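Asker: First the structure, which I've put down as structure tokens, then a few questions once you've had a look.
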Amino acid sequence: MKVNVVVTPKAAVLDPQGAAVRDAMQHLGMPEVRSVRIGKFLEIEIDEKAANLEARLNDLCRDLLSNPVIEDFQVHGLESAK
Amino acid sequence: MKFAVIQFPGSNCDQDCLAALNGIPGLRAEYVWHKETLVDGFDAIVLPGGFSYGDYLRCGAIARFSPIMKSVVNAARSGTLVIGVCNGFQILCEIGLLPGALVRNRSLHFVCDMVTTRVEVGDSLFTHGCGQGRLLRMPVAHGEGCFFADEVTLRQLNERRQVILRYATADGRITPEANPNGSIENIAGICNREGNVFGLMPHPDRACEARLGSADGAKIFQSMMETIEAGRARAA
């Protein structure tokens with residue numbers, strides 16, 4: 001199965017990349033763009049027969065895939081494993 | 001006195017650290033490969049700069065899981081001096097030995113420059129040989145050196161005197177212009193609550209000889225040596 005993990009910078013963390021892209025979008029004909037935040041998208045192939053998948057994946061999202069000091073994460077696609 | 005320099009795949013200041021440390025009288029430095037599981041018999045541990053694991057995912061995010069890091073954490077918890085420079089600082093934050101995180105420079109530019117830092121804590125285990133308010137000139141070279149901590153953490157860092165170095169102007173003022181990367185409150189280096197783990201973005205290892213532009217970095221390593229000697233004297 002495919003699981004998607006989305007990692008986003010926390011609101012309090014500056015995102016200069018996002019600000020640069022926002023400026024570019026505004027200059028390229030979309031002045032209505034208010035803000036852009038850039039995170040990461042991880043597409044993970046995973047053996048759905050594995051035990052205790054959700055808890056283990058959540059642990060690794062916290063410990064490896066994101067840094068809780070600066071980032072939040074969401075896991076999508078696990079629902080189909082249940 | 002013996003310092004360990006941990007080598008990760010992608011470290012690129014390991015040789016700078018080794019050369020700088022071996023150039024200080026009374027000090028000997030040895031490499032320890034990250035796949036080792038024990039970092040015993042050393043008086044201090046150095047995590048050098050570079051791009052461990054290509055900076056993939058986040059700077060230091062993968063290196064923190066290297067086999068050697070368990071031993072580094074144990075050593076830190078038992079009071080051994082640990083210093084992380086640049087990528088080493090990022091690894092120390094990722095593994096949680098230091099609070100906060102280092103994110104993309106506010107300018108989005110990689111900065112490679114000589115900077116001035118001001119010693120904010122003149123009696124720390126790493127800077128007591130420098131003196132309060134002393135200015136240290138050292139090079140920086142990083143793309144992700146913008147220190148971030150949430151409000152509570154930042155207040156605690158200040159209250160507990162854990163902010164060791166701030167970026168300053170040549171005459172010692174803390175201004176936005178002196179800040180090369182957008183770090184919160186111009187923070188260039190912090191220590192843990194116990195004071196024995198120190199991370200900084202500037203490179204003391206590249207500032208240990210006047211002919212390289214500055215010898216100020218050596219003061220940090222010499223302070224560490226004095227700390228270790230004082231500890232030995234107390235134990236004896």
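Going through the structure tokens in order, the chains are called A, B, and so on, while each chain numbers its residues from 1 and the ligands are numbered from 1 in the order shown.
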Within 8 Å of chain B, which residues of chain A are there when counting only C-alpha atoms? Please give them as a ChimeraX atom specification.

Answerer: /A:12-17,64-65,67,69-70

Asker: Which residues, written as a list in words, have at least one atom at most 9 Å from Val36 in chain A, with only C-alpha atoms counted and residues fewer than 6 positions away on the same chain left out?

Answerer: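 My reading of the contact set: Asp15, Gln17, Gly18, Ala19, Ala20, Val21 and Arg22 of chain A.
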
Asker: Would you mind exporting the chosen residues as a JSON list (two decimals), in the first residue's frame, restricted to C-alpha atoms?

Answerer:
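Output saved as part.json:
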```
[["chain", "number", "residue", "atom", "x", "y", "z"],
["A", 15, "ASP", "CA", 9.59, 30.00, 5.95],
["A", 17, "GLN", "CA", 11.36, 29.68, 0.82],
["A", 18, "GLY", "CA", 7.60, 30.03, 1.04],
["A", 19, "ALA", "CA", 7.90, 33.82, 1.12],
["A", 20, "ALA", "CA", 10.09, 33.80, -2.00],
["A", 21, "VAL", "CA", 7.61, 31.60, -3.86],
["A", 22, "ARG", "CA", 4.71, 33.79, -2.71]]
```

Asker: Enter the distance from CA of Ala207 in chain B to CA of Asp113 in chain B, in Å, rounded to one decimal.

Answerer: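 Computing it gives 12.1 Å between the two atoms.
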
Asker: Just checking: using only C-alpha atoms, which residue out of B:Cys86, B:Val119, B:Cys13, B:Val39 ends up closest to Lys70 in chain B?

Answerer: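 For Lys70 in chain B, the nearest of the given residues is B:Val39.
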
Asker: Could you pull out the strand (DSSP E or B) residues of range 3-201 of chain B, going by DSSP on the backbone, and write them as number ranges by chain?

Answerer: B: 3-7, 11, 28-33, 44-47, 50, 81-85, 101-103, 111-119, 135-142, 146-148, 163-168, 187-191, 197-200

Asker: Hey, what does DSSP flag as alpha helix (DSSP H) within range 72-170 of chain B? Can you give it to me as a list of chain:residue names?

Answerer: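 Output for range 72-170 of chain B, alpha helix (DSSP H) only: B:Val72, B:Val73, B:Asn74, B:Ala75, B:Ala76, B:Arg77, B:Asn87, B:Gly88, B:Phe89, B:Gln90, B:Ile91, B:Leu92, B:Cys93, B:Glu94, B:Ile95, B:Glu151, B:Val152, B:Thr153, B:Leu154, B:Arg155, B:Gln156, B:Leu157, B:Asn158, B:Glu159.
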
Asker: Could you turn the residues from that selection into a file that holds N, CA and C atoms, as a compact mmCIF listing (two decimals), in the first residue's frame?

Answerer:
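The resulting file, again-v3.txt, is shown below:
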```txt
# COMPACT_ATOMS: atom_id res chain seq x y z
N VAL B 72 27.72 8.88 22.45
CA VAL B 72 27.91 10.33 22.61
C VAL B 72 26.88 10.87 23.62
N VAL B 73 25.64 10.41 23.49
CA VAL B 73 24.59 10.86 24.43
C VAL B 73 24.93 10.42 25.85
N ASN B 74 25.36 9.15 25.99
CA ASN B 74 25.72 8.67 27.32
C ASN B 74 26.86 9.49 27.92
N ALA B 75 27.86 9.78 27.09
CA ALA B 75 29.00 10.58 27.56
C ALA B 75 28.52 11.97 27.98
N ALA B 76 27.64 12.56 27.17
CA ALA B 76 27.12 13.91 27.49
C ALA B 76 26.35 13.87 28.81
N ARG B 77 25.54 12.84 28.99
CA ARG B 77 24.74 12.73 30.22
C ARG B 77 25.62 12.53 31.43
N ASN B 87 27.40 21.70 11.31
CA ASN B 87 26.59 20.49 11.19
C ASN B 87 26.54 19.72 12.51
N GLY B 88 27.62 19.82 13.29
CA GLY B 88 27.63 19.18 14.60
C GLY B 88 26.58 19.78 15.53
N PHE B 89 26.41 21.10 15.44
CA PHE B 89 25.37 21.82 16.21
C PHE B 89 23.99 21.31 15.77
N GLN B 90 23.81 21.18 14.46
CA GLN B 90 22.53 20.70 13.93
C GLN B 90 22.23 19.29 14.44
N ILE B 91 23.25 18.44 14.49
CA ILE B 91 23.05 17.07 14.97
C ILE B 91 22.68 17.09 16.46
N LEU B 92 23.34 17.94 17.24
CA LEU B 92 23.04 18.02 18.68
C LEU B 92 21.60 18.48 18.93
N CYS B 93 21.10 19.38 18.09
CA CYS B 93 19.70 19.81 18.22
C CYS B 93 18.76 18.69 17.79
N GLU B 94 19.09 18.03 16.69
CA GLU B 94 18.22 16.95 16.20
C GLU B 94 18.09 15.83 17.23
N ILE B 95 19.18 15.52 17.91
CA ILE B 95 19.13 14.40 18.85
C ILE B 95 18.59 14.83 20.21
N GLU B 151 8.93 30.42 22.09
CA GLU B 151 9.05 31.49 23.08
C GLU B 151 9.49 31.00 24.46
N VAL B 152 8.88 29.90 24.88
CA VAL B 152 9.18 29.38 26.22
C VAL B 152 10.64 28.94 26.29
N THR B 153 11.06 28.19 25.27
CA THR B 153 12.44 27.71 25.23
C THR B 153 13.43 28.88 25.21
N LEU B 154 13.09 29.88 24.41
CA LEU B 154 13.97 31.04 24.29
C LEU B 154 14.12 31.76 25.63
N ARG B 155 13.00 31.91 26.33
CA ARG B 155 13.06 32.58 27.63
C ARG B 155 13.93 31.78 28.60
N GLN B 156 13.74 30.45 28.58
CA GLN B 156 14.54 29.61 29.47
C GLN B 156 16.03 29.69 29.11
N LEU B 157 16.33 29.70 27.81
CA LEU B 157 17.73 29.79 27.38
C LEU B 157 18.37 31.06 27.95
N ASN B 158 17.62 32.15 27.90
CA ASN B 158 18.16 33.42 28.40
C ASN B 158 18.27 33.41 29.92
N GLU B 159 17.19 32.95 30.58
CA GLU B 159 17.19 32.96 32.05
C GLU B 159 18.28 32.07 32.63
```

Asker: For Ser11 in chain B, which residue among B:Ala63, B:Ala44, B:Ile68, B:Leu38 is the nearest when counting only C-alpha atoms?

Answerer: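 For Ser11 in chain B, the nearest of the candidates is B:Ala63.
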
Asker: Would you kindly return, as an mmCIF file with C-alpha atoms, in the first residue's frame, each protein, DNA or RNA residue with an atom no farther than 8 Å from any atom of Lys2 in chain A, considering only C-alpha atoms and excluding same-chain residues fewer than 5 positions away?

Answerer:
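Wrote around28.cif, looks like this:
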```
data_model
loop_
_atom_site.group_PDB
_atom_site.id
_atom_site.type_symbol
_atom_site.label_atom_id
_atom_site.label_comp_id
_atom_site.auth_asym_id
_atom_site.auth_seq_id
_atom_site.Cartn_x
_atom_site.Cartn_y
_atom_site.Cartn_z
ATOM 1 C CA GLU A 43 5.309 8.837 -0.699
ATOM 2 C CA ILE A 44 5.966 5.593 1.123
ATOM 3 C CA GLU A 45 5.375 2.049 -0.152
ATOM 4 C CA ILE A 46 4.717 -0.164 2.791
ATOM 5 C CA GLY A 77 -3.612 6.534 3.438
#
```

Asker: Write out as a list in words which residues come within 10 Å of Lys35 in chain B when counting only C-alpha atoms, dropping same-chain ones fewer than 2 positions away.

Answerer: Ile6, Gln7, Phe8, Pro9, Val32, Trp33, Thr37, Leu38, Ser66, Pro67, Ile68 and Met69 of chain B

Asker: Write out as a count of residues only the residues lying within 12 Å of Glu54 in chain A, counting only C-alpha atoms and excluding same-chain residues fewer than 2 positions away.

Answerer: 23

Asker: Need to verify the contact set: Pro9 in chain A, 7 Å, only C-alpha atoms, exclusion of same-chain residues closer than 5 positions in sequence. Can you return it as a PyMOL selection string?

Answerer: chain A and resi 39+70-72

Asker: Which residues are near Ala19 in chain B? Cut-off 10 Å, only C-alpha atoms, ignore same chain within fewer than 3 positions. Put them as a PDB file with N, CA and C atoms, in the first residue's frame.

Answerer:
```pdb
ATOM      1  N   CYS B  13      34.630  18.943   7.829  1.00  0.00           N
ATOM      2  CA  CYS B  13      35.509  19.756   8.669  1.00  0.00           C
ATOM      3  C   CYS B  13      36.217  18.887   9.692  1.00  0.00           C
ATOM      4  N   ASP B  14      36.126  17.561   9.487  1.00  0.00           N
ATOM      5  CA  ASP B  14      36.808  16.662  10.410  1.00  0.00           C
ATOM      6  C   ASP B  14      38.312  16.904  10.397  1.00  0.00           C
ATOM      7  N   GLN B  15      38.859  17.158   9.193  1.00  0.00           N
ATOM      8  CA  GLN B  15      40.307  17.395   9.127  1.00  0.00           C
ATOM      9  C   GLN B  15      40.677  18.751   9.708  1.00  0.00           C
ATOM     10  N   ASP B  16      39.801  19.741   9.494  1.00  0.00           N
ATOM     11  CA  ASP B  16      40.043  21.059  10.102  1.00  0.00           C
ATOM     12  C   ASP B  16      40.106  20.922  11.619  1.00  0.00           C
ATOM     13  N   ASN B  22      45.147  19.374  17.154  1.00  0.00           N
ATOM     14  CA  ASN B  22      46.514  18.875  17.294  1.00  0.00           C
ATOM     15  C   ASN B  22      47.537  20.012  17.298  1.00  0.00           C
ATOM     16  N   GLY B  23      47.106  21.183  16.843  1.00  0.00           N
ATOM     17  CA  GLY B  23      48.003  22.332  16.863  1.00  0.00           C
ATOM     18  C   GLY B  23      48.041  23.042  18.210  1.00  0.00           C
ATOM     19  N   ILE B  24      47.201  22.614  19.113  1.00  0.00           N
ATOM     20  CA  ILE B  24      47.164  23.246  20.435  1.00  0.00           C
ATOM     21  C   ILE B  24      48.034  22.425  21.390  1.00  0.00           C
ATOM     22  N   ARG B  28      45.641  16.288  21.962  1.00  0.00           N
ATOM     23  CA  ARG B  28      45.756  15.320  20.886  1.00  0.00           C
ATOM     24  C   ARG B  28      44.344  14.947  20.467  1.00  0.00           C
ATOM     25  N   ALA B  29      44.132  14.860  19.165  1.00  0.00           N
ATOM     26  CA  ALA B  29      42.792  14.526  18.679  1.00  0.00           C
ATOM     27  C   ALA B  29      42.855  13.289  17.802  1.00  0.00           C
ATOM     28  N   ASP B 205      37.259  25.767  14.704  1.00  0.00           N
ATOM     29  CA  ASP B 205      38.297  24.925  14.107  1.00  0.00           C
ATOM     30  C   ASP B 205      38.981  25.608  12.929  1.00  0.00           C
ATOM     31  N   ARG B 206      38.317  26.578  12.325  1.00  0.00           N
ATOM     32  CA  ARG B 206      38.939  27.290  11.198  1.00  0.00           C
ATOM     33  C   ARG B 206      39.496  28.635  11.640  1.00  0.00           C
ATOM     34  N   CYS B 208      42.054  29.014  14.323  1.00  0.00           N
ATOM     35  CA  CYS B 208      43.016  28.669  15.376  1.00  0.00           C
ATOM     36  C   CYS B 208      44.429  29.137  15.054  1.00  0.00           C
TER      37      CYS B 208
END
```

Asker: Calculate how many Å separate CA of Arg166 in chain B from CA of Gln222 in chain B, rounding to one decimal.

Answerer: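 Separation of CA of Arg166 in chain B and CA of Gln222 in chain B: 19.8 Å.
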
Asker: What is the distance, in Å and to one decimal place, between CA of Ile164 in chain B and CA of Gly189 in chain B?

Answerer: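 Separation of CA of Ile164 in chain B and CA of Gly189 in chain B: 5.5 Å.
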
Asker: Taking into account only C-alpha atoms, which residue in the set A:Glu32, A:His27, A:Val6, A:Leu53 is nearest to Ser66 in chain A?

Answerer: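 The shortest atom-to-atom distance to Ser66 in chain A comes from A:Val6.
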